[in-house]
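Below you'll find the structure, written out as structure tokens, and then a few comments.
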Amino acid sequence: MNYIKGFKLDRRSFIKGIGVAASLPYLECMAETKQLGSRLTAPKRMCYLYVPNGVSLPGLDSEYKQWNWFPSGEGDNYEFTNVLSSLNPHRQDLSIIGGLSHPKSRELLGHIAGDSFLTAGDLRGDYKNSISVDQYAAAIKKHNTRYPSLILSADGGVGFKSRASTLSFNHQGKALPSEHSHRQIFERYFAPDGQNTSVERKKSLHRDKKVVDLLLEDAKRLQKRLGVADRNKISEHLASLNDLEEQIKRNEAWLDIPLGAFNADHIDLAVDAKIDPQAYIRTMYDLIVLAFQLDLTEVASYMIAREDGMGLGDAYPKIQLGLKKGHHAITHDKTTGHWQDWGKYDQWLASHFSYFIDRMKNTTDQFGSLLDNTQILYGSACSNTHNARNCPLILAGGKNMGLKHGRYHKFSEDIPMSNLFLKMLQAGGVPTSQFGDSNEHLAGFSPLFTG
């Protein structure tokens, strides 16, 4: 090659004169031009999955010990109880993690700890959350894909303080709305604008952009005439509009880049969570798998159910398992036999996680198994009812990102859960030395993060 180093042209470049334009032939300087949608290296994906209300922990010396969420034993000699037994085929693809929690959440009352699961935010006193780890990663990774992240839940929206229906919070600590309708998710991310032509879609995006420009201009003008408190509220609104403007520009850039071929015949977009929770959860997992396979995003979060007894997920034990009580009521039950009911529900949830791991493991892109290029964190903000310590966590996948699995790791309380988030970010290609309240105690993760 003898082209000038550093000078490159797009393959669709034109030479233009007055009133005319002609495409160029293929030139050597076009050879290394990076195109949207073309990867040279494997993605490093992050996926966060959440179950509410803690887990069944009757104690390993109890007659109900087989319904304890955590395994017996430790290291690579642990044994699953009934609860996580469905994960046994994936033992070498996952790690059980105990002992970690967020120090600032340990004394929180009720279900507010769930709001800090991915943030490690200080929610004591005034409710001031911070950015969630998925959005921290998305801000760095968003330039690689069509969408910065997928934010999914059973209920949609943001919920409210201590009853959030999303895991994701922006850089201002404001909750980001989640999506819950399978059909709407599919139509938005996998079949944008239906049958509209590219010209019609460009016109639509142009109209959207004009509206956002006008709103931004008017909001900035109004901001100058307001008091401090109102200016802060307008600033938050401006940040939302800026995010919307950025996504519109992203949609424009990706408009002419076709999605890869895919088959979605196995995905039931009409399933109703109130009738068939199992199908609903598995369809949501299928959509995440498809999004990763098509490289739509590198970051996803899914709140499988909401804290307390307010969301759709609270009724899953009744609908699917025929139990007499909802999830929240089971966790507050004081009768001895409730451990079995609670454990059976945890077992049911784990079986769907096993399904997700299997789908990720056996679905490939040009870089191999999706699972090997994706870190998946599954867990809850509490170990038991209202106890925000010893969070039950499972980390799966990421073998190509330097993760080594097959062990049950028990950590001491002087290691905050943010240390795990930090190690995941670093393994995921996000250059940072700090997240949340992470500290210097990182050496304990070396058997897990070997890269």
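To be explicit about the labels: the chains of the structure tokens are called A, B, and onward in the order shown, and within each one the residues are counted from 1, while ligands get numbers from 1 in the order they are shown.
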
At most 6 Å is the cut-off: for each residue in region 314-431 of chain A with any atom that close to an atom of region 95-119 of chain A, write down the nearest atom pair and the distance in Å rounded to one decimal, counting only C-alpha atoms, chain first then increasing number, as a Markdown table.
```
| residue | atom | partner | partner_atom | distance |
| --- | --- | --- | --- | --- |
| A:Ala381 | CA | A:Gly114 | CA | 5.3 |
| A:His386 | CA | A:Gly110 | CA | 5.5 |
| A:Ala388 | CA | A:Arg106 | CA | 4.8 |
| A:Arg389 | CA | A:Ser101 | CA | 5.2 |
| A:Asn390 | CA | A:Gly99 | CA | 4.0 |
| A:Cys391 | CA | A:Ser101 | CA | 5.6 |
| A:Pro392 | CA | A:Gly98 | CA | 5.9 |
| A:Leu393 | CA | A:Ile97 | CA | 5.1 |
| A:Ile394 | CA | A:Ile96 | CA | 4.7 |
| A:Leu395 | CA | A:Ser95 | CA | 5.3 |
| A:His405 | CA | A:Ser95 | CA | 5.2 |
| A:Gly406 | CA | A:Ser95 | CA | 5.6 |
| A:Arg407 | CA | A:Ser95 | CA | 5.3 |
| A:Tyr408 | CA | A:Ile96 | CA | 4.6 |
| A:His409 | CA | A:Ile97 | CA | 4.9 |
| A:Lys410 | CA | A:Gly98 | CA | 4.7 |
| A:Phe411 | CA | A:Gly99 | CA | 4.7 |
| A:Ser412 | CA | A:Gly99 | CA | 5.6 |
| A:Pro416 | CA | A:His102 | CA | 5.6 |
| A:Met417 | CA | A:Ser101 | CA | 5.0 |
```

**Study point:** Exercise: Ala273 (chain A) partners within 12 Å, only C-alpha atoms, chain neighbours under 3 positions left out, as an NGL selection string
**Key:** :A and (153-155 or 180-182 or 268-270 or 276-284 or 304-305 or 311-316 or 319-320)

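Take the candidates A:Leu425, A:Met303, A:Ile257, A:Leu442 and check each one against Ala137 (chain A) using only C-alpha atoms; the shortest distance goes to A:Leu425.
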
Practice item. May I have the residues within 6 Å of Ser380 (chain A) as a VMD selection string, using only C-alpha atoms and disregarding those fewer than 3 positions away in the same chain? Key: chain A and resid 50 to 52 54 392

Write a file of the just-selected residues containing C-alpha atoms, as a JSON list (two decimals), in the first residue's frame.
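The file below, result24.json, is the result:
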```json
[["chain", "number", "residue", "atom", "x", "y", "z"],
["A", 50, "TYR", "CA", -32.65, -8.23, 39.70],
["A", 51, "VAL", "CA", -35.03, -10.15, 41.95],
["A", 52, "PRO", "CA", -36.72, -8.33, 44.86],
["A", 54, "GLY", "CA", -34.25, -11.04, 49.29],
["A", 392, "PRO", "CA", -27.17, -13.12, 47.08]]
```

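For the pair CA of Gln172 (chain A) and CA of Lys128 (chain A), the interatomic distance is 8.8 Å.
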
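Nearest residue to Tyr48 (chain A) among A:Ala291, A:Leu377, A:Ile415, A:Val430 is A:Leu377, counting only C-alpha atoms.
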